[in-house]
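Below: the structure, in structure tokens.
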Amino acid sequence: MRTALNFLQDGNSVALDRAFFFFKTVTESEAPYAEWIAYSADFKDDESVDIMKWIAMILRDLLILRTHASRERLRLKQYTSRLRTFAPQWSEDAIMKGLQAIEEGMEGTARHVNIHLIWDYLCISFLQGRGDY
């Protein structure tokens, strides 16, 4: 959660678009693992870290939407309609597991773990959180 809060001032729109694409892929795709791994194949470590930070921000806002807290607490207010499409499909438990996976992925990049292995882990973790595996 702290990663999401710290990143708000430093983000970029390409990474945010990729983060939303990650969510769309793991939520709606018929072959989410294959689709995301192909899409992320050329990502560098620093690009991946930016995307993970935005994913954490999205998860934080999804948790707020799921708990019916005030919309004023949202960090990505301008994306509320996009967030609302994902919120019913993710339980609070799945969101918390996703945040934990993102924190672990960020730690992995800091420890110079191969970024493709990290994306494998994140994708599988999110699919498990969704109840697919």
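Within each chain, counting starts at residue 1; across the structure tokens, chains are named A, B, ... in the order shown, with ligands numbered 1 upward in that order.
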Neighbour list for stretch 84-93 of chain A as number ranges by chain, cut-off 12 Å, only C-alpha atoms, skip fewer than 2 positions in-chain = A: 20-28, 58-68, 71, 74, 76-82, 95-100, 126-131
All helix (DSSP H, G or I) residues (DSSP, backbone) inside chain A, as a VMD selection string | chain A and resid 2 to 7 13 to 28 32 to 39 45 to 66 71 to 73 77 to 89 92 to 110 115 to 130
Between atom CA of A:Asp42 and atom CA of A:Trp54, measure the distance and give it in Å to one decimal.
-> 18.2 Å
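When only C-alpha atoms are used to compute distances to A:Glu47, the closest of the residues A:Ala15, A:His116, A:Ser70, A:Thr109 turns out to be A:Ala15.
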Quick one: contact table of stretch 36-94 of chain A to stretch 16-19 of chain A, 8 Å max, nearest atom pair and distance in Å to one decimal per residue, counting only C-alpha atoms, chain and number order, as a tab-separated table?
```
residue	atom	partner	partner_atom	distance
A:Ile51	CA	A:Ala19	CA	5.3
A:Met52	CA	A:Ala19	CA	7.1
A:Trp54	CA	A:Leu16	CA	5.7
A:Ile55	CA	A:Ala19	CA	5.2
```
Write the residues of the selection above to a file with C-alpha atoms, as a compact mmCIF listing (two decimals), in the first residue's frame.
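What landed in result-v9.txt:
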```txt
# COMPACT_ATOMS: atom_id res chain seq x y z
CA ILE A 51 3.74 -0.36 -14.06
CA MET A 52 3.78 -2.25 -10.76
CA TRP A 54 0.38 1.93 -10.91
CA ILE A 55 -1.08 -1.55 -10.41
```
For atom CA of A:Ala56 and atom CA of A:Glu103, determine how far apart the two atoms are, in Å to one decimal place.
-> 8.3 Å
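Coordinates place atom CA of A:Glu30 at a distance of 27.0 Å from atom CA of A:Met106.
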